[in-house]
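Novice: Dropping in data-v3.tsv, with TSV, C-alpha atoms.
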chain	number	residue	atom	x	y	z
A	39	MET	CA	-3.05	68.20	45.25
A	40	THR	CA	-2.35	65.09	43.19
A	41	GLU	CA	0.33	64.92	40.65
A	42	SER	CA	-0.51	63.56	37.22
A	43	VAL	CA	1.52	60.60	36.20
A	44	ASP	CA	2.43	60.41	32.56
A	45	THR	CA	1.72	56.94	31.19
A	46	PRO	CA	3.85	55.84	28.29
A	47	VAL	CA	2.00	55.73	25.00
A	48	ARG	CA	2.43	52.56	23.03
A	49	GLU	CA	3.55	53.13	19.51
A	50	SER	CA	1.92	50.97	16.86
A	51	PRO	CA	4.42	48.68	15.19
A	52	ARG	CA	5.73	49.95	11.95
A	53	PRO	CA	4.95	47.83	8.92
A	54	VAL	CA	7.85	45.71	7.84
A	55	THR	CA	9.04	46.82	4.45
A	56	PRO	CA	11.21	44.55	2.34
A	57	PRO	CA	14.64	45.78	1.26
A	58	PRO	CA	14.55	47.93	-1.88
A	59	ALA	CA	16.37	45.26	-3.91
A	60	LEU	CA	13.77	42.59	-3.08
A	61	GLU	CA	10.94	45.02	-3.79
A	62	ARG	CA	12.41	45.74	-7.22
A	63	VAL	CA	12.62	42.00	-7.93
A	64	ARG	CA	9.01	41.52	-6.79
A	65	ARG	CA	7.76	44.30	-9.03
A	66	ALA	CA	9.77	43.03	-11.98
A	67	LEU	CA	8.36	39.50	-11.65
A	68	TRP	CA	4.78	40.18	-10.53
A	69	GLY	CA	4.12	43.86	-11.19
A	70	ASP	CA	2.08	45.97	-8.78
A	71	LEU	CA	0.13	43.08	-7.27
A	72	PRO	CA	-1.53	44.32	-4.03
A	73	ARG	CA	-0.26	42.54	-0.93
A	74	SER	CA	-3.84	41.78	0.10
A	75	GLU	CA	-4.17	39.51	-2.92
A	76	TYR	CA	-1.42	37.09	-1.94
A	77	ALA	CA	-3.51	35.22	0.68
A	78	LYS	CA	-6.37	34.83	-1.80
A	79	ILE	CA	-3.94	33.58	-4.45
A	80	ALA	CA	-2.41	31.08	-2.00
A	81	LEU	CA	-5.77	29.51	-1.15
A	82	LEU	CA	-6.80	29.26	-4.80
A	83	ALA	CA	-3.40	27.78	-5.64
A	84	ALA	CA	-4.04	25.09	-3.00
A	85	VAL	CA	-7.37	24.25	-4.66
A	86	PHE	CA	-5.73	24.08	-8.08
A	87	LEU	CA	-2.88	22.02	-6.60
A	88	LEU	CA	-5.32	19.30	-5.56
A	89	ILE	CA	-7.10	19.33	-8.93
A	90	VAL	CA	-4.01	19.19	-11.17
A	91	GLY	CA	-2.05	17.01	-8.74
A	92	SER	CA	-4.74	14.33	-8.68
A	93	TYR	CA	-5.22	14.66	-12.45
A	94	TRP	CA	-1.52	14.24	-13.22
A	95	LEU	CA	-1.37	11.22	-10.95
A	96	LEU	CA	-4.37	9.68	-12.73
A	97	ARG	CA	-3.13	10.79	-16.16
A	98	THR	CA	0.14	8.90	-15.79
A	99	LEU	CA	-1.75	5.79	-14.62
A	100	LYS	CA	-4.61	6.05	-17.12
A	101	ASP	CA	-2.61	5.08	-20.20
A	102	ALA	CA	-0.89	2.17	-18.49
A	103	ILE	CA	-4.25	0.84	-17.26
A	104	PHE	CA	-5.98	1.31	-20.61
A	105	MET	CA	-3.22	-0.21	-22.73
A	106	LYS	CA	-2.98	-3.32	-20.55
A	107	ILE	CA	-6.74	-3.83	-20.11
A	108	THR	CA	-8.12	-2.60	-23.45
A	109	GLY	CA	-5.11	-2.17	-25.80
A	110	ARG	CA	-2.92	0.62	-27.16
A	111	LEU	CA	-4.46	0.57	-30.65
A	112	LEU	CA	-7.79	1.67	-29.18
A	113	ILE	CA	-6.44	4.90	-27.64
A	114	PRO	CA	-7.58	7.08	-30.61
A	115	TYR	CA	-11.09	5.60	-30.33
A	116	ALA	CA	-11.11	6.26	-26.59
A	117	LYS	CA	-10.31	9.90	-27.29
A	118	MET	CA	-13.14	10.10	-29.82
A	119	LEU	CA	-15.53	8.47	-27.36
A	120	SER	CA	-14.52	10.97	-24.70
A	121	PHE	CA	-15.45	13.72	-27.16
A	122	ALA	CA	-18.91	12.21	-27.71
A	123	LEU	CA	-19.36	11.95	-23.94
A	124	MET	CA	-18.55	15.63	-23.43
A	125	VAL	CA	-21.67	16.89	-25.23
A	126	PRO	CA	-24.19	15.50	-22.69
A	127	LEU	CA	-21.81	16.35	-19.83
A	128	ILE	CA	-21.59	19.98	-20.97
A	129	LEU	CA	-25.38	20.25	-21.22
A	130	VAL	CA	-25.73	18.91	-17.68
A	131	TYR	CA	-22.98	21.27	-16.50
A	132	GLN	CA	-24.68	24.28	-18.11
A	133	ARG	CA	-27.94	23.34	-16.42
A	134	LEU	CA	-26.16	23.16	-13.08
A	135	VAL	CA	-24.70	26.64	-13.69
A	136	ASP	CA	-28.27	27.96	-13.79
A	137	VAL	CA	-29.62	26.15	-10.72
A	138	VAL	CA	-26.78	26.16	-8.15
A	139	GLU	CA	-24.29	28.76	-6.95
A	140	LYS	CA	-20.95	28.60	-8.72
A	141	HIS	CA	-18.89	27.47	-5.74
A	142	GLN	CA	-21.35	24.60	-5.22
A	143	LEU	CA	-20.34	23.21	-8.61
A	144	PHE	CA	-17.07	22.15	-6.95
A	145	TYR	CA	-19.05	20.23	-4.32
A	146	ILE	CA	-21.01	18.36	-6.99
A	147	LEU	CA	-18.23	17.65	-9.50
A	148	CYS	CA	-15.33	16.95	-7.13
A	149	GLY	CA	-17.52	15.04	-4.71
A	150	GLY	CA	-18.82	12.87	-7.55
A	151	TYR	CA	-15.47	12.25	-9.21
A	152	GLY	CA	-13.71	11.56	-5.91
A	153	ALA	CA	-16.26	8.85	-5.11
A	154	LEU	CA	-16.06	7.49	-8.69
A	155	PHE	CA	-12.29	6.98	-8.56
A	156	LEU	CA	-12.56	5.20	-5.23
A	157	LEU	CA	-15.11	2.85	-6.82
A	158	LEU	CA	-12.90	2.30	-9.88
A	159	SER	CA	-9.92	1.44	-7.67
A	160	ALA	CA	-12.07	-1.24	-6.03
A	161	ALA	CA	-13.22	-2.57	-9.44
A	162	LEU	CA	-9.62	-2.79	-10.68
A	163	ALA	CA	-8.89	-5.24	-7.88
A	164	VAL	CA	-11.64	-7.66	-8.97
A	165	PRO	CA	-10.12	-10.77	-10.63
A	166	GLY	CA	-11.01	-11.02	-14.31
A	167	TRP	CA	-11.86	-7.32	-14.55
A	168	GLY	CA	-8.72	-5.50	-13.46
A	169	LEU	CA	-5.06	-5.51	-14.46
A	170	ASP	CA	-4.76	-9.29	-13.96
A	171	GLY	CA	-7.73	-10.13	-16.15
A	172	GLY	CA	-5.86	-11.63	-19.11
A	173	PRO	CA	-5.04	-10.26	-22.58
A	174	PRO	CA	-6.32	-6.80	-23.55
A	175	GLY	CA	-9.48	-6.43	-25.59
A	176	ALA	CA	-12.13	-3.91	-26.59
A	177	HIS	CA	-14.76	-5.92	-24.68
A	178	ARG	CA	-13.10	-5.18	-21.32
A	179	LEU	CA	-15.20	-2.21	-20.26
A	180	LEU	CA	-13.26	-1.24	-17.14
A	181	GLY	CA	-10.39	0.14	-19.23
A	182	TRP	CA	-12.84	2.37	-21.09
A	183	ALA	CA	-14.42	3.50	-17.82
A	184	VAL	CA	-11.07	4.51	-16.29
A	185	TYR	CA	-10.01	6.38	-19.43
A	186	LEU	CA	-13.27	8.29	-19.81
A	187	ALA	CA	-13.43	9.14	-16.10
A	188	VAL	CA	-9.92	10.65	-16.08
A	189	GLU	CA	-10.44	12.57	-19.33
A	190	SER	CA	-13.81	14.01	-18.33
A	191	PHE	CA	-12.60	14.91	-14.83
A	192	ALA	CA	-9.93	17.24	-16.21
A	193	SER	CA	-12.23	18.59	-18.91
A	194	LEU	CA	-14.84	19.67	-16.37
A	195	THR	CA	-12.95	20.70	-13.25
A	196	VAL	CA	-10.07	22.71	-14.74
A	197	PRO	CA	-12.37	25.03	-16.76
A	198	LEU	CA	-14.63	25.34	-13.70
A	199	PHE	CA	-11.68	26.45	-11.58
A	200	TRP	CA	-10.62	29.11	-14.07
A	201	SER	CA	-14.21	30.32	-14.60
A	202	PHE	CA	-14.53	30.78	-10.85
A	203	THR	CA	-11.11	32.47	-10.59
A	204	ASN	CA	-11.74	34.78	-13.56
A	205	SER	CA	-14.84	36.06	-11.80
A	206	ILE	CA	-13.08	37.27	-8.66
A	207	PHE	CA	-9.98	39.02	-10.05
A	208	ASP	CA	-9.58	42.20	-12.04
A	209	THR	CA	-7.33	42.25	-15.09
A	210	ASN	CA	-4.35	43.98	-13.44
A	211	SER	CA	-4.24	41.54	-10.52
A	212	ALA	CA	-4.69	38.60	-12.87
A	213	LYS	CA	-1.70	39.59	-15.03
A	214	SER	CA	0.54	39.20	-12.01
A	215	GLY	CA	-1.39	36.71	-9.91
A	216	PHE	CA	-2.40	33.98	-12.35
A	217	GLY	CA	1.21	32.93	-12.84
A	218	LEU	CA	1.54	32.51	-9.06
A	219	ILE	CA	-1.59	30.34	-8.96
A	220	VAL	CA	-0.11	28.11	-11.65
A	221	TRP	CA	3.21	28.08	-9.80
A	222	GLY	CA	1.63	26.96	-6.53
A	223	ALA	CA	-0.38	24.26	-8.28
A	224	GLN	CA	2.74	22.81	-9.89
A	225	PHE	CA	3.88	21.35	-6.57
A	226	GLY	CA	0.88	19.04	-6.81
A	227	ALA	CA	1.41	18.51	-10.52
A	228	ILE	CA	4.98	17.36	-9.81
A	229	ALA	CA	4.00	15.25	-6.79
A	230	GLY	CA	1.41	13.30	-8.83
A	231	PRO	CA	3.81	12.01	-11.50
A	232	THR	CA	6.47	11.45	-8.83
A	233	LEU	CA	4.12	9.08	-7.00
A	234	SER	CA	3.34	7.24	-10.23
A	235	ARG	CA	7.05	6.59	-10.79
A	236	TYR	CA	6.87	4.39	-7.70
A	237	ALA	CA	3.77	2.52	-8.85
A	238	SER	CA	5.60	-0.78	-8.33
A	239	SER	CA	6.06	0.10	-4.65
A	240	PHE	CA	2.73	1.79	-3.87
A	241	GLY	CA	0.60	-0.24	-6.26
A	242	ILE	CA	-1.51	1.25	-9.06
A	243	LEU	CA	-4.75	0.64	-7.15
A	244	ASN	CA	-3.55	2.52	-4.08
A	245	LEU	CA	-2.47	5.47	-6.22
A	246	VAL	CA	-5.95	5.66	-7.77
A	247	ARG	CA	-7.39	5.69	-4.23
A	248	ILE	CA	-5.03	8.51	-3.21
A	249	ALA	CA	-6.18	10.58	-6.19
A	250	GLY	CA	-9.82	10.02	-5.25
A	251	LEU	CA	-9.22	11.21	-1.70
A	252	LEU	CA	-7.36	14.33	-2.89
A	253	ILE	CA	-10.28	15.23	-5.15
A	254	LEU	CA	-12.72	14.84	-2.25
A	255	TYR	CA	-10.77	17.49	-0.30
A	256	VAL	CA	-11.31	20.18	-2.97
A	257	PRO	CA	-14.85	21.08	-1.74
A	258	VAL	CA	-13.45	21.55	1.78
A	259	LEU	CA	-11.00	24.22	0.57
A	260	ILE	CA	-13.64	25.91	-1.60
A	261	ALA	CA	-15.99	26.15	1.39
A	262	ARG	CA	-13.19	27.73	3.40
A	263	PHE	CA	-12.44	30.19	0.58
A	264	VAL	CA	-16.06	31.32	0.32
A	265	ARG	CA	-16.29	31.82	4.10
A	266	ARG	CA	-13.10	33.90	4.10
A	267	TYR	CA	-13.95	35.89	0.97
A	268	PRO	CA	-17.75	36.22	0.85
A	269	GLU	CA	-17.48	38.78	-1.93
A	270	ALA	CA	-16.30	35.97	-4.23
A	271	ARG	CA	-19.71	34.34	-3.85
A	272	GLN	CA	-21.45	37.54	-4.88
A	273	ARG	CA	-19.20	38.16	-7.88
A	274	THR	CA	-19.95	34.72	-9.35
A	275	LEU	CA	-23.73	35.13	-9.22
A	276	THR	CA	-25.53	35.39	-12.55
A	277	ALA	CA	-27.49	38.60	-13.02
A	278	GLY	CA	-31.03	38.08	-14.30
A	279	PRO	CA	-33.00	34.89	-14.98
A	280	ALA	CA	-31.55	31.54	-16.03
A	281	THR	CA	-30.51	31.61	-19.70
A	282	GLY	CA	-30.64	27.88	-20.51
A	283	ALA	CA	-28.19	25.18	-21.51
A	284	MET	CA	-27.68	26.49	-25.06
A	285	GLU	CA	-26.76	30.07	-24.08
A	286	GLY	CA	-23.06	29.26	-24.26
A	287	LEU	CA	-23.32	28.23	-27.91
A	288	ARG	CA	-25.34	31.35	-28.75
A	289	LEU	CA	-22.70	33.56	-27.16
A	290	LEU	CA	-19.91	31.70	-28.95
A	291	TYR	CA	-21.62	32.25	-32.30
A	292	ARG	CA	-22.37	35.91	-31.55
A	293	TYR	CA	-18.90	37.14	-30.54
A	294	LYS	CA	-15.85	36.78	-32.81
A	295	TYR	CA	-13.73	37.44	-29.71
A	296	LEU	CA	-14.80	34.07	-28.34
A	297	LEU	CA	-14.34	32.32	-31.68
A	298	GLY	CA	-10.73	33.54	-31.68
A	299	ILE	CA	-10.14	31.96	-28.27
A	300	PHE	CA	-11.82	28.79	-29.54
A	301	ALA	CA	-9.45	28.63	-32.53
A	302	VAL	CA	-6.34	29.13	-30.35
A	303	THR	CA	-7.46	26.38	-27.98
A	304	THR	CA	-8.39	23.75	-30.56
A	305	LEU	CA	-5.43	24.10	-32.92
A	306	PHE	CA	-2.97	23.50	-30.10
A	307	GLU	CA	-4.84	20.38	-28.95
A	308	VAL	CA	-4.80	18.80	-32.43
A	309	ILE	CA	-1.01	19.03	-32.59
A	310	VAL	CA	-0.51	17.80	-29.04
A	311	THR	CA	-2.86	14.84	-29.54
A	312	ILE	CA	-0.89	13.63	-32.57
A	313	LEU	CA	2.46	13.93	-30.76
A	314	ASP	CA	1.05	12.41	-27.57
A	315	TYR	CA	-0.23	9.34	-29.40
A	316	GLN	CA	3.08	8.85	-31.20
A	317	MET	CA	4.93	8.94	-27.89
A	318	LYS	CA	2.57	6.46	-26.22
A	319	PHE	CA	2.61	4.10	-29.19
A	320	GLN	CA	6.39	3.90	-29.01
A	321	LEU	CA	6.16	3.47	-25.25
A	322	ASP	CA	3.91	0.44	-25.51
A	323	VAL	CA	6.21	-1.11	-28.10
A	324	GLN	CA	9.27	-0.73	-25.87
A	325	PHE	CA	7.71	-1.62	-22.48
A	326	SER	CA	5.45	-4.58	-21.66
A	327	ASP	CA	5.04	-3.87	-17.94
A	328	PRO	CA	2.36	-1.26	-17.02
A	329	THR	CA	4.42	-0.08	-14.05
A	330	ALA	CA	7.35	0.64	-16.42
A	331	ILE	CA	5.05	2.77	-18.58
A	332	SER	CA	3.80	4.56	-15.45
A	333	HIS	CA	7.43	5.17	-14.44
A	334	PHE	CA	8.23	6.73	-17.83
A	335	MET	CA	5.07	8.86	-17.84
A	336	GLY	CA	5.84	9.90	-14.28
A	337	GLY	CA	9.20	11.21	-15.47
A	338	PHE	CA	7.44	13.04	-18.28
A	339	GLY	CA	5.09	14.67	-15.77
A	340	GLN	CA	7.99	15.68	-13.54
A	341	TRP	CA	9.88	17.37	-16.37
A	342	THR	CA	6.78	19.08	-17.77
A	343	ASN	CA	5.59	20.43	-14.46
A	344	GLY	CA	9.13	21.27	-13.37
A	345	LEU	CA	9.44	23.55	-16.40
A	346	THR	CA	6.02	25.01	-15.61
A	347	LEU	CA	7.02	25.54	-11.98
A	348	VAL	CA	10.12	27.55	-12.85
A	349	PHE	CA	8.60	29.55	-15.70
A	350	SER	CA	5.35	30.42	-13.88
A	351	PHE	CA	7.33	31.79	-10.93
A	352	ILE	CA	9.87	33.94	-12.77
A	353	GLY	CA	8.48	34.27	-16.29
A	354	THR	CA	4.68	34.43	-16.53
A	355	GLY	CA	4.05	37.71	-14.72
A	356	PHE	CA	7.24	39.23	-16.12
A	357	PHE	CA	6.44	38.50	-19.77
A	358	ILE	CA	2.76	39.48	-19.51
A	359	ASN	CA	3.51	42.78	-17.76
A	360	ARG	CA	6.54	43.56	-19.91
A	361	TYR	CA	5.35	42.54	-23.39
A	362	GLY	CA	1.57	42.36	-23.09
A	363	LEU	CA	-1.03	39.67	-23.69
A	364	THR	CA	-0.95	39.83	-27.49
A	365	ALA	CA	2.79	39.21	-27.76
A	366	CYS	CA	2.60	36.31	-25.30
A	367	LEU	CA	-0.34	34.71	-27.12
A	368	VAL	CA	1.49	34.96	-30.46
A	369	ALA	CA	4.76	33.62	-29.04
A	370	PHE	CA	3.26	30.28	-28.07
A	371	PRO	CA	2.24	29.01	-31.56
A	372	ILE	CA	5.65	30.14	-32.84
A	373	ALA	CA	7.27	27.95	-30.17
A	374	VAL	CA	5.03	25.01	-31.17
A	375	GLY	CA	6.11	25.44	-34.80
A	376	GLY	CA	9.76	25.39	-33.77
A	377	VAL	CA	9.21	22.16	-31.84
A	378	ALA	CA	7.51	20.58	-34.88
A	379	VAL	CA	10.55	21.42	-37.01
A	380	PHE	CA	12.80	19.86	-34.37
A	381	LEU	CA	10.80	16.61	-34.48
A	382	THR	CA	11.04	16.34	-38.25
A	383	LEU	CA	14.83	16.49	-37.90
A	384	ARG	CA	15.06	14.07	-34.95
A	385	PRO	CA	12.12	11.63	-34.88
A	386	SER	CA	12.67	9.44	-31.79
A	387	LEU	CA	11.11	8.67	-28.41
A	388	ASP	CA	13.58	10.95	-26.64
A	389	ALA	CA	12.85	13.79	-29.07
A	390	LEU	CA	9.10	13.32	-28.57
A	391	PHE	CA	9.62	13.34	-24.81
A	392	TYR	CA	11.43	16.70	-24.75
A	393	ALA	CA	9.18	18.22	-27.42
A	394	MET	CA	6.08	17.41	-25.38
A	395	VAL	CA	7.75	18.77	-22.24
A	396	VAL	CA	8.40	22.13	-23.93
A	397	ILE	CA	4.97	22.40	-25.54
A	398	LYS	CA	2.96	21.44	-22.48
A	399	GLY	CA	5.18	23.35	-20.05
A	400	LEU	CA	4.85	26.62	-21.97
A	401	SER	CA	1.13	26.00	-22.46
A	402	TYR	CA	0.47	25.63	-18.73
A	403	ALA	CA	2.79	28.46	-17.65
A	404	LEU	CA	2.15	31.11	-20.32
A	405	ASN	CA	-0.60	30.30	-22.80
A	406	VAL	CA	-3.25	29.24	-20.28
A	407	PRO	CA	-2.89	32.29	-17.95
A	408	CYS	CA	-2.97	34.65	-20.97
A	409	LYS	CA	-6.04	32.95	-22.39
A	410	GLU	CA	-7.85	33.04	-19.03
A	411	ILE	CA	-7.21	36.77	-18.59
A	412	LEU	CA	-9.15	37.38	-21.81
A	413	TYR	CA	-12.34	36.23	-20.06
A	414	ILE	CA	-12.16	38.68	-17.13
A	415	PRO	CA	-13.89	41.69	-18.82
A	416	THR	CA	-16.77	39.44	-19.98
A	417	SER	CA	-20.08	38.41	-18.37
A	418	THR	CA	-20.76	35.52	-15.99
A	419	ASP	CA	-22.55	33.59	-18.74
A	420	ILE	CA	-19.53	33.92	-21.02
A	421	ARG	CA	-17.13	32.83	-18.27
A	422	PHE	CA	-19.16	29.79	-17.20
A	423	LYS	CA	-21.20	28.84	-20.28
A	424	ALA	CA	-19.42	29.97	-23.44
A	425	LYS	CA	-16.06	29.08	-21.88
A	426	SER	CA	-17.28	25.55	-21.16
A	427	TRP	CA	-17.93	25.00	-24.87
A	428	VAL	CA	-14.52	26.45	-25.76
A	429	ASP	CA	-12.53	24.44	-23.21
A	430	MET	CA	-14.58	21.27	-22.80
A	431	PHE	CA	-16.10	20.78	-26.24
A	432	GLY	CA	-13.36	22.53	-28.24
A	433	GLY	CA	-10.55	20.71	-26.45
A	434	ARG	CA	-12.26	17.33	-26.87
A	435	ALA	CA	-13.11	18.06	-30.54
A	436	ALA	CA	-9.48	18.90	-31.25
A	437	LYS	CA	-8.32	15.69	-29.59
A	438	SER	CA	-10.83	13.74	-31.67
A	439	VAL	CA	-9.49	15.32	-34.88
A	440	GLY	CA	-5.97	14.43	-33.81
A	441	SER	CA	-7.13	10.90	-33.00
A	442	LEU	CA	-8.74	10.51	-36.45
A	443	ILE	CA	-5.41	11.43	-38.01
A	444	THR	CA	-3.56	8.83	-35.93
A	445	ALA	CA	-6.23	6.10	-36.01
Take the structure in the file and give it back as structure tokens.

Specialist:
Amino acid sequence: MTESVDTPVRESPRPVTPPPALERVRRALWGDLPRSEYAKIALLAAVFLLIVGSYWLLRTLKDAIFMKITGRLLIPYAKMLSFALMVPLILVYQRLVDVVEKHQLFYILCGGYGALFLLLSAALAVPGWGLDGGPPGAHRLLGWAVYLAVESFASLTVPLFWSFTNSIFDTNSAKSGFGLIVWGAQFGAIAGPTLSRYASSFGILNLVRIAGLLILYVPVLIARFVRRYPEARQRTLTAGPATGAMEGLRLLYRYKYLLGIFAVTTLFEVIVTILDYQMKFQLDVQFSDPTAISHFMGGFGQWTNGLTLVFSFIGTGFFINRYGLTACLVAFPIAVGGVAVFLTLRPSLDALFYAMVVIKGLSYALNVPCKEILYIPTSTDIRFKAKSWVDMFGGRAAKSVGSLITA
């Protein structure tokens, strides 16, 4: 007779639960965000980090390059030209929305812009064309090319990112998670201006090359995201046949909901464009060296994105969950009005600097996430087509109006 031997049964490890105090803090800041969403948010934040990080690096270099190659007085006309360029770009973009899968738009746009900035960095090194090509003038086309490339890059890729992200989150997760995506991206948005502050050490051309390489890495992360979350690919597919390049305009005209978002977006951009030009005009008067202008604009980017970093981590989810979308959307224009009053009392370069930091910081950390959440209950065509007219065309139109006022 054999005796049975009892084998010890392995107990499955118990899930690690955070202390009650930390859990209360997490819920207060980010609501009831499911833990399964954090990995998805982290990967999307990495994508957004590369987009906004490369943009902020190029943005702080763009004005220095343009003013020294083409001239500061032509900045308003460059903004108006960028608006005219957006119309054909949007039509091409809307056509691409119909013929390729949504994640493949990142491959096309980021691959194209990454290569373009590498080519522009090479052109800037050509004697007679680049920064050492003599006095500025409207005939020097390379300054225009750099300006339009940077402006159109942000106008196309940032709305594409949010259209893609809006399609794969529900409203409850977005209220808590979008702030974390913005927070993660701010590390890149701070790193970009920080690099530009050392333009004299790195060299402006090398910084443009770095931005181009960062942009080229975006499609790699998007491909990884789609492999890891195949349901994201399905949720971004358009149901039914292709609707054409003008469907976005038809939807915008049909729904007052979308016209309201359009009004909120454009009014803010008009004000910012006027203040931005005033700051850059005073900059060019005070500094003759393009690296000094890049250093100043780098500091501006650090402060703006530092404010966004802090607020998006501890404030965005808290305010949206606590007070609701409507209150947060109304609070932003009130803050802009307060800043405008401050500038009338203290008109100076320092006042413009801090005013722009507050306006842009709150826009990125609070206004943009709230605005993007409004698109979640809508259709794919609204998110990718109508939204492109709101963000790309509306934003450019507002900047053109602001430029006409300052021209």

Novice: From the options A:Val85, A:Asp136, A:Ile107, A:Asp208, which residue's atoms come nearest to Gly172 in chain A, counting only C-alpha atoms?

Specialist: A:Ile107

Novice: Applying 10 Å and only C-alpha atoms, which residues near Ile411 in chain A remain after dropping the ones on its own chain fewer than 5 positions away? List them as a CSV table (one decimal) with C-alpha atoms, in the frame of the given file.

Specialist:
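part.csv, freshly written:
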chain,number,residue,atom,x,y,z
A,200,TRP,CA,-10.6,29.1,-14.1
A,203,THR,CA,-11.1,32.5,-10.6
A,204,ASN,CA,-11.7,34.8,-13.6
A,207,PHE,CA,-10.0,39.0,-10.0
A,208,ASP,CA,-9.6,42.2,-12.0
A,209,THR,CA,-7.3,42.2,-15.1
A,210,ASN,CA,-4.4,44.0,-13.4
A,211,SER,CA,-4.2,41.5,-10.5
A,212,ALA,CA,-4.7,38.6,-12.9
A,213,LYS,CA,-1.7,39.6,-15.0
A,216,PHE,CA,-2.4,34.0,-12.4
A,363,LEU,CA,-1.0,39.7,-23.7
A,406,VAL,CA,-3.2,29.2,-20.3

Novice: Kindly indicate which residue among A:Ala270, A:Leu289, A:Ile219, A:Ala301 lies nearest to Ala436 in chain A, using all atoms listed in the file for the distances.

Specialist: A:Ala301

Novice: What is the CA of Arg271 in chain A to CA of Phe191 in chain A distance in Å?

Specialist: 23.4 Å

Novice: I'd like the interatomic distance between CA of Ala84 in chain A and CA of Tyr267 in chain A, to a tenth of an Å.

Specialist: 15.2 Å

Novice: Name all residues at most 9 Å from Ala369 in chain A (count all atoms listed in the file; drop same-chain ones fewer than 5 positions away) and give them as a PyMOL selection string.

Specialist: chain A and resi 364+374+405

Novice: Could you work out how far CA of Ile260 in chain A lies from CA of Ala77 in chain A, giving the answer in Å with one decimal?

Specialist: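 CA of Ile260 in chain A lies at a distance of 13.9 Å from CA of Ala77 in chain A.
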
Novice: For a cutoff of 10 Å around the file-coordinate point (-11.8, 13.8, -14.8), which residues qualify once you count all atoms listed in the file? I'd like the result as a PyMOL selection string.

Specialist: chain A and resi 89+92-93+96-97+147-148+151-152+154-155+184-196+253

Novice: Nearest residue to Phe349 in chain A out of A:Ala176, A:Leu218, A:Cys366, A:Ile331, using only C-alpha atoms?

Specialist: A:Leu218

Novice: When distances are computed from all atoms listed in the file, which of A:Gln316, A:Ser234, A:Thr382, A:Gln224 shows the smallest separation from Val348 in chain A?

Specialist: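 Smallest distance to Val348 in chain A is found for A:Gln224.
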
Novice: Residues at most 12 Å from Phe325 in chain A, counting all atoms listed in the file, excluding those fewer than 3 positions away in the same chain, as an MDAnalysis selection string?

Specialist: chainID A and resid 102 105:106 110 318:322 328:335

Novice: Please provide the set of residues having any atom within 12 Å of range 117-123 of chain A, restricted to all atoms listed in the file, with same-chain residues fewer than 4 positions apart removed, written as a compact mmCIF listing (two decimals) with C-alpha atoms, in the frame of the given file.

Specialist:
# COMPACT_ATOMS: atom_id res chain seq x y z
CA ASP A 101 -2.61 5.08 -20.20
CA PHE A 104 -5.98 1.31 -20.61
CA ARG A 110 -2.92 0.62 -27.16
CA LEU A 111 -4.46 0.57 -30.65
CA LEU A 112 -7.79 1.67 -29.18
CA ILE A 113 -6.44 4.90 -27.64
CA LEU A 127 -21.81 16.35 -19.83
CA ILE A 128 -21.59 19.98 -20.97
CA LEU A 129 -25.38 20.25 -21.22
CA VAL A 130 -25.73 18.91 -17.68
CA TRP A 182 -12.84 2.37 -21.09
CA ALA A 183 -14.42 3.50 -17.82
CA VAL A 184 -11.07 4.51 -16.29
CA TYR A 185 -10.01 6.38 -19.43
CA LEU A 186 -13.27 8.29 -19.81
CA ALA A 187 -13.43 9.14 -16.10
CA VAL A 188 -9.92 10.65 -16.08
CA GLU A 189 -10.44 12.57 -19.33
CA SER A 190 -13.81 14.01 -18.33
CA PHE A 191 -12.60 14.91 -14.83
CA ALA A 192 -9.93 17.24 -16.21
CA SER A 193 -12.23 18.59 -18.91
CA LEU A 194 -14.84 19.67 -16.37
CA GLU A 307 -4.84 20.38 -28.95
CA VAL A 308 -4.80 18.80 -32.43
CA THR A 311 -2.86 14.84 -29.54
CA ILE A 312 -0.89 13.63 -32.57
CA ASP A 314 1.05 12.41 -27.57
CA TYR A 315 -0.23 9.34 -29.40
CA TRP A 427 -17.93 25.00 -24.87
CA ASP A 429 -12.53 24.44 -23.21
CA MET A 430 -14.58 21.27 -22.80
CA PHE A 431 -16.10 20.78 -26.24
CA GLY A 432 -13.36 22.53 -28.24
CA GLY A 433 -10.55 20.71 -26.45
CA ARG A 434 -12.26 17.33 -26.87
CA ALA A 435 -13.11 18.06 -30.54
CA ALA A 436 -9.48 18.90 -31.25
CA LYS A 437 -8.32 15.69 -29.59
CA SER A 438 -10.83 13.74 -31.67
CA VAL A 439 -9.49 15.32 -34.88
CA GLY A 440 -5.97 14.43 -33.81
CA SER A 441 -7.13 10.90 -33.00
CA LEU A 442 -8.74 10.51 -36.45
CA ILE A 443 -5.41 11.43 -38.01
CA THR A 444 -3.56 8.83 -35.93
CA ALA A 445 -6.23 6.10 -36.01

Novice: At a cut-off of 9 Å, using only C-alpha atoms, what residues contact Tyr402 in chain A? Leave out same-chain residues fewer than 2 positions from it and give the result as a PDB file with C-alpha atoms, in the frame of the given file.

Specialist:
ATOM      1  CA  VAL A 220      -0.110  28.110 -11.650  1.00  0.00           C
ATOM      2  CA  ASN A 343       5.590  20.430 -14.460  1.00  0.00           C
ATOM      3  CA  THR A 346       6.020  25.010 -15.610  1.00  0.00           C
ATOM      4  CA  SER A 350       5.350  30.420 -13.880  1.00  0.00           C
ATOM      5  CA  ILE A 397       4.970  22.400 -25.540  1.00  0.00           C
ATOM      6  CA  LYS A 398       2.960  21.440 -22.480  1.00  0.00           C
ATOM      7  CA  GLY A 399       5.180  23.350 -20.050  1.00  0.00           C
ATOM      8  CA  LEU A 400       4.850  26.620 -21.970  1.00  0.00           C
ATOM      9  CA  LEU A 404       2.150  31.110 -20.320  1.00  0.00           C
ATOM     10  CA  ASN A 405      -0.600  30.300 -22.800  1.00  0.00           C
ATOM     11  CA  VAL A 406      -3.250  29.240 -20.280  1.00  0.00           C
ATOM     12  CA  PRO A 407      -2.890  32.290 -17.950  1.00  0.00           C
TER      13      PRO A 407
END
